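To keep things clear, I will list the structure first and then write my remarks on it.
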Amino acid sequence: MKLSYRFTYPLMVMLLLSLSTSFTYAEPLSLTDIMHFNTLQQPVIADDGRMMAVEAKPDRGESYVIVKSIDGTKSFNIANGTKPKVNANGRFVIATIPASLLAKETKKKSELTQDLALLDTKTGQQQAFTNIKSAQFNDNGEYLAVWFKEDKTADEDAKPAETAASETDTDTVEDDDKGTRLSLIHLASNKTVQLTDVTQFAFDESGFNFVAAINRHNQKQHQVMLVNLTHQTQRDLYSTSDDQIGELALSNDGRYVGFTTGKLSQKRNARQYQLHVMNISSGKHRQPTSQEWTLNQYATVMFSRDSERLYVGRVPQVVAPQKQQKYTDDNSLFDLNVIADNKNLRIWHGDDAKIKPHEIKEYQDELKRTYLAVYHLDADRIIQLADKEVPTVQYGEQARYLVATSDVPYQKMITWAGFYQDVYLVDLNTGRKILVLAQQPSDAIPTLSPNARFLRYYQQGNVHIYDIAQAKSFNLSGQYAVPFADEDHDYPSSAPGYGFGPWLDDGSGFISYDKYDVWQFNTTSHSGFMLSNGEGRKQGVEYRVKGLIKDKQPATVKADQTILLKGYSHRTKADEFYVAKVGVAGVKKLTDSQSKLTVLARAKQSDQILYSKQRFDLYPDVYAATLDDINKAKQLTSLDKQRRAFSWGKSELVQWTDADGNLADGVLIKPSNYQKGKRYPVMVYYYRFMSDRLHAFPDMKINHRPNFAWYTNNGYAIFLPDIRFEIGYPGISAVKALTTGVQKIVDMGIADPKKIGLHGHSWSGYQTAFAVTQTNMFAAAVSGAPVSNMTSAYSGIRHGSGLARQFQYETGQSRIGESLFKAPQKYIENSPIFYVERIQTPMMIMFGDIDDAVPWEQGVEMYLAMRRAGKDVVFLQYEGEPHHLKKYPNKLDYTIKMREYFDHYLLGKPAPLWLEKGEAYQEFAKD
């Protein structure tokens, strides 16, 4: 009897997953299978470490949430659930239930709603809430606030007759000023407090209080309502008839509430707000003010965790957008001022701090920008911390100083030189700013010690510390014969450092990294030692601290604390877990996984961690373990069963000597039906460093990249070579790495030298377009979003950010190192377009025509040049798409066309009609 496995997809999956793993029959992997393949998202764990939840999300379709007790005794699923949250003790789990895929594809966005599921893990019962805006547990997990979206029908029915006369007034209320109902649920008893017209709400950390901003426009009643969570009683803390309640916050100890109010008679964009601070127990009400600063609709309020300070965002003045004059009568049609006021003009001045596209992109953000101030509750004093010259203050819990930064002096040079900031210390008591570092790279901003006595930072190859009391910097790493600068840096800029680990909680020291080892530096003696005892560099293992408790502030460690390290072997490309003790040199190995390990979550109140383990042929399921007993980890999910239904390839490390005599690494993924001695077509995929993907499970999505599992399941091998660049010669550097790497797998007897395909996107799209001008090794190439002409791209615009592209060539990824005017020949030498006559490789170019990173005209230039030279070229223009395709039909179409393209040129399959004859332009009929 012949069995058929072509059931509907869910039934087929259930059958396959129920079969024994010894069953050898495997379905061919299809694009539909990839669409349905579930991928785990970031898991969440209860504070006590006893319960976890994680979303399983397919590439296309409905997600579901997996809920598991860590001890393995309880297991639940929440159908169609996404974005789970677990309360503190793990008793309850919530998950958002979004609109279905069918609804998203067939309805207007304004018609879509989302629901909420509440799971009781003790009873297994689920409760549903419809049409919600958001939901939040309080910190101790005893309460759940469910905030609903506006229900216009219900609101109409609920209006009392006597309010009808005021309807014309409420019709003018702006949407952002309108509130909706909220349910505050005591989870253990299911007792509920119902509130209406809520526009903001907040819990305190202690679990005592809840506050809501209630704005009832029909009744001209605007309140700050307090709910005592112990007794479930309500109390009106503040009320007004004419002022909108804006932002609000509760201090963590439940003593204070801070909020803002503004006149409803003013439009939101012109409304000035007032800050209020109330002592809940005494009722004392304060309104901190300043002649120089005020609040607008974007002002935020937030208490420090010790409840001693209230931080608020302020502005020098509230500025409403200007309006153009309108034509009102016949005379206005000839009024020069009115006519000129309706012009469409943007002036680009040579001395502008930001070029106009950059300024425009940041315009809305600048409208919303506020400048941080601090209100000291005991002293009843407000201090302005940020201003227009030093606009950014890095929030922290330190009570004396915070770090402030300013890019104002460097906004013009961003265009060609990259991103820099001046770094200050700002005194919370006076607002005084102390310049510590000038022109510091924006990706190397110092961090402040927990006791606000020291700043640590990386600069010019070394780790430094700034002693605030002494107003003096010290080089901590310069005394050691170990490089702290990135040893693999191949950009025309100063090499960055390897970053920092946590501070010690008392500020006495901190963790830092070189390429391999973990260092502990002392802030007083300025001495340091290798916490990993030099084993990293000796063994070629890169150690990093992982698994720290992440709360509302950066994690710290204690003296003598046992910490978890992840060690990545640069030789085997595998991860292992280790433990070390703060203050003691030496590490202890915990695992022998020969896989890629990722720490996913850590419980706040225990040493329970969640992590994943993966290889190309092992799905990264979730495991739970304690720091002291990782070898007894429990597997909590089993999504690898999906993979077992299909034949799967295997990956291996390949090493060779490149054209410059250096040892190079790459990953070879063999076909799922690999037979030793047989040569296979090869898909080469690359960017920069790829060998660290040796143990990575393939991304089971349909997008702008080739799906490795799909290709290997259909007879292809995949090759992922590392690329190392020489400054000034990025194109030829890529060619040397590609050709020597491909030759290696040819010499191994695996690659068919006549069936090598090359694919790259963005930076590797450029490398692909350049490579085919220099070598005929490839039978076909696909280049997504490539730069083809560096001379024209140099002064182009990155439309996503509005930034000029010049810095990218002078100091960034393109690695030319000089301006077009100083080194024009280098720009020409590295531009594929100038060598199109050499091309003998068929190439397909892909671009979205609103690409926000690379001007899509770069693809047009390459296409037109190859077309003019009579080369084999096809150009896929996806309308309305950015740098990476977003619309699913386009992603699927590109995936299919890419495969058809390579199948034709590498496997000799018949060319599809679109490739053989092109496709005539057509417009679809409109409804």
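Chain labels A, B, ... are given in the sequence in which chains occur in the structure tokens; within each chain residues are numbered consecutively from 1, and ligands are likewise numbered from 1 in the order shown.
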
*Name the residues in contact with Ile732 in chain A at a cut-off of 9 Å, using only C-alpha atoms, excluding same-chain residues fewer than 6 positions from it; report them as a list in words.*
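Contacts, with the query itself left out: Phe725, Glu726, Gln767, Phe770, Ala771, Gln774 and Asn830 of chain A.
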
_strand (DSSP E) call set, DSSP backbone run, range 759-818 of chain A, as a PyMOL selection string_ = chain A and resi 759-761+780-784+797-798+803-804

*asked:* Just want the 8 Å neighbourhood of Gly313 in chain A, counted on only C-alpha atoms, with same-chain residues fewer than 4 positions away dropped. Output as a VMD selection string.
replied: chain A and resid 295 298 to 301 370 to 373

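You can rank A:Ala469, A:Leu639, A:Leu264, A:Ala696 by their closest distance to Phe37 in chain A using only C-alpha atoms, and at the top of that list sits A:Leu639.
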
Which residues of range 414-490 of chain A have any atom within 9 Å of an atom in range 396-399 of chain A when counting only C-alpha atoms, and what is the closest pair of atoms for each, with the distance in Å to one decimal? Order the rows by chain and rising number and write it as a Markdown table.
| residue | atom | partner | partner_atom | distance |
| --- | --- | --- | --- | --- |
| A:Leu428 | CA | A:Ala399 | CA | 7.1 |
| A:Asn429 | CA | A:Ala399 | CA | 8.8 |
| A:Leu448 | CA | A:Gln398 | CA | 8.4 |
| A:Ser449 | CA | A:Gln398 | CA | 8.3 |
| A:Pro450 | CA | A:Gln398 | CA | 6.2 |
| A:Asn451 | CA | A:Gln398 | CA | 6.4 |
| A:Ala452 | CA | A:Gln398 | CA | 5.8 |

*Determine, counting only C-alpha atoms, which protein, DNA and RNA residues have an atom within 10 Å of an atom of Glu247 in chain A; residues of the same chain fewer than 5 positions away are not included. Present the result as an MDAnalysis selection string.*
chainID A and resid 199:202 212:213 258:261 273 275 297:302

_Considering only helix (DSSP H, G or I) as DSSP defines it on the backbone, what residues of range 331-547 of chain A qualify? List them as a ChimeraX atom specification._
/A:331-334,336-341,356-361,363-368,408-410,414-417,535-539

Restricting it to C-alpha atoms, dump the selection as a short mmCIF file (atom, residue, chain, number, x, y, z; two decimals), in the first residue's frame.
data_model
loop_
_atom_site.label_atom_id
_atom_site.label_comp_id
_atom_site.auth_asym_id
_atom_site.auth_seq_id
_atom_site.Cartn_x
_atom_site.Cartn_y
_atom_site.Cartn_z
CA ASN A 331 -7.18 90.29 -3.98
CA SER A 332 -5.21 87.56 -2.19
CA LEU A 333 -4.65 85.80 -5.52
CA PHE A 334 -2.37 88.71 -6.50
CA LEU A 336 2.88 88.89 -3.44
CA ASN A 337 3.29 87.89 0.19
CA VAL A 338 0.50 85.31 0.07
CA ILE A 339 1.73 83.88 -3.23
CA ALA A 340 5.34 83.69 -2.02
CA ASP A 341 4.23 82.12 1.25
CA LYS A 356 18.71 69.32 4.42
CA PRO A 357 17.67 65.65 4.02
CA HIS A 358 19.24 64.86 7.41
CA GLU A 359 17.56 67.88 8.98
CA ILE A 360 14.21 66.88 7.49
CA LYS A 361 14.52 63.28 8.69
CA TYR A 363 12.58 67.26 12.16
CA GLN A 364 9.84 65.30 13.93
CA ASP A 365 12.29 64.01 16.51
CA GLU A 366 13.48 67.54 17.13
CA LEU A 367 9.89 68.68 17.64
CA LYS A 368 9.58 66.00 20.32
CA VAL A 408 26.56 70.00 18.29
CA PRO A 409 30.18 70.93 17.42
CA TYR A 410 30.47 67.97 15.00
CA ILE A 414 29.29 63.96 10.25
CA THR A 415 28.92 64.25 6.48
CA TRP A 416 32.44 63.02 5.81
CA ALA A 417 34.12 62.07 9.10
CA GLU A 535 43.47 31.26 28.85
CA GLY A 536 41.57 33.16 26.18
CA ARG A 537 44.55 34.22 24.12
CA LYS A 538 46.37 30.97 24.86
CA GLN A 539 43.48 28.79 23.65
#

*Which residues come within 6 Å of range 84-93 of chain A, counting only C-alpha atoms, excluding same-chain residues fewer than 3 positions away, as a list in words?*
Ala46, Asp47, Asp48, Met51, Leu118, Leu119, Asp120, Thr121, Asn140 and Gly141 of chain A

Residue selection dump (N, CA and C atoms) as a PDB file, in the first residue's frame:
ATOM      1  N   ALA A  46       9.767  34.162  34.857  1.00  0.00           N
ATOM      2  CA  ALA A  46       9.242  34.757  36.083  1.00  0.00           C
ATOM      3  C   ALA A  46      10.405  35.191  36.973  1.00  0.00           C
ATOM      4  N   ASP A  47      10.162  36.189  37.822  1.00  0.00           N
ATOM      5  CA  ASP A  47      11.215  36.682  38.704  1.00  0.00           C
ATOM      6  C   ASP A  47      11.785  35.585  39.584  1.00  0.00           C
ATOM      7  N   ASP A  48      10.926  34.644  40.010  1.00  0.00           N
ATOM      8  CA  ASP A  48      11.412  33.570  40.880  1.00  0.00           C
ATOM      9  C   ASP A  48      12.007  32.399  40.088  1.00  0.00           C
ATOM     10  N   MET A  51       8.779  29.729  36.040  1.00  0.00           N
ATOM     11  CA  MET A  51       7.904  29.620  34.874  1.00  0.00           C
ATOM     12  C   MET A  51       8.475  30.471  33.752  1.00  0.00           C
ATOM     13  N   LEU A 118      -5.294  35.805  29.123  1.00  0.00           N
ATOM     14  CA  LEU A 118      -4.725  35.706  30.468  1.00  0.00           C
ATOM     15  C   LEU A 118      -4.795  34.249  30.894  1.00  0.00           C
ATOM     16  N   LEU A 119      -3.625  33.642  31.125  1.00  0.00           N
ATOM     17  CA  LEU A 119      -3.537  32.237  31.509  1.00  0.00           C
ATOM     18  C   LEU A 119      -3.216  32.122  32.986  1.00  0.00           C
ATOM     19  N   ASP A 120      -3.992  31.316  33.687  1.00  0.00           N
ATOM     20  CA  ASP A 120      -3.717  30.957  35.075  1.00  0.00           C
ATOM     21  C   ASP A 120      -2.975  29.624  35.052  1.00  0.00           C
ATOM     22  N   THR A 121      -1.700  29.637  35.369  1.00  0.00           N
ATOM     23  CA  THR A 121      -0.907  28.415  35.262  1.00  0.00           C
ATOM     24  C   THR A 121      -1.204  27.421  36.385  1.00  0.00           C
ATOM     25  N   ASN A 140       5.103  43.407  41.584  1.00  0.00           N
ATOM     26  CA  ASN A 140       5.027  42.191  42.400  1.00  0.00           C
ATOM     27  C   ASN A 140       4.082  41.142  41.826  1.00  0.00           C
ATOM     28  N   GLY A 141       3.464  41.470  40.685  1.00  0.00           N
ATOM     29  CA  GLY A 141       2.671  40.480  39.966  1.00  0.00           C
ATOM     30  C   GLY A 141       1.289  40.212  40.533  1.00  0.00           C
TER      31      GLY A 141
END

*Non-local contacts of Ser569 in chain A (7 Å; only C-alpha atoms; under 6 positions in same chain excluded) as a list in words*: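 Close residues of Ser569 in chain A: Gly540, Val541, Glu542 and Asp575 of chain A.
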
File dump, residues just selected, N, CA and C atoms, as a PDB file, in the first residue's frame:
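Saved the output as out14.pdb:
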ATOM      1  N   GLY A 540      42.818  30.603  22.139  1.00  0.00           N
ATOM      2  CA  GLY A 540      42.050  31.166  21.030  1.00  0.00           C
ATOM      3  C   GLY A 540      40.570  31.252  21.335  1.00  0.00           C
ATOM      4  N   VAL A 541      40.230  31.473  22.621  1.00  0.00           N
ATOM      5  CA  VAL A 541      38.838  31.527  23.056  1.00  0.00           C
ATOM      6  C   VAL A 541      38.499  32.946  23.509  1.00  0.00           C
ATOM      7  N   GLU A 542      37.414  33.459  23.009  1.00  0.00           N
ATOM      8  CA  GLU A 542      36.936  34.796  23.355  1.00  0.00           C
ATOM      9  C   GLU A 542      35.927  34.688  24.496  1.00  0.00           C
ATOM     10  N   ASP A 575      30.831  27.541  20.908  1.00  0.00           N
ATOM     11  CA  ASP A 575      30.716  28.195  22.206  1.00  0.00           C
ATOM     12  C   ASP A 575      30.722  27.165  23.323  1.00  0.00           C
TER      13      ASP A 575
END

*Neighbour list for Val146 in chain A as a list in words, cut-off 7 Å, only C-alpha atoms, skip fewer than 2 positions in-chain*: Ser134, Ala135, Gln136, Leu144, Phe148, Leu182, Ser183 and Leu184 of chain A

Generate the output file for the selected residues, C-alpha atoms, as a PDB file, in the first residue's frame.
ATOM      1  CA  SER A 134      -2.060  47.326  26.141  1.00  0.00           C
ATOM      2  CA  ALA A 135      -1.726  45.297  29.323  1.00  0.00           C
ATOM      3  CA  GLN A 136       0.767  45.359  32.179  1.00  0.00           C
ATOM      4  CA  LEU A 144      -2.955  43.312  35.938  1.00  0.00           C
ATOM      5  CA  PHE A 148      -8.843  48.970  26.136  1.00  0.00           C
ATOM      6  CA  LEU A 182      -9.202  50.344  31.960  1.00  0.00           C
ATOM      7  CA  SER A 183      -9.692  47.243  34.097  1.00  0.00           C
ATOM      8  CA  LEU A 184      -7.460  46.857  37.146  1.00  0.00           C
TER       9      LEU A 184
END

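Note that the spacing between CA of Thr739 in chain A and CA of Val772 in chain A amounts to 10.8 Å.
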
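Atom pair CA of Leu600 in chain A / CA of Val65 in chain A: separated by 16.2 Å.
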
*Could you please determine the separation between CA of Phe616 in chain A and CA of Lys670 in chain A in Å, to one decimal place?*
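Between CA of Phe616 in chain A and CA of Lys670 in chain A the gap is 10.6 Å.
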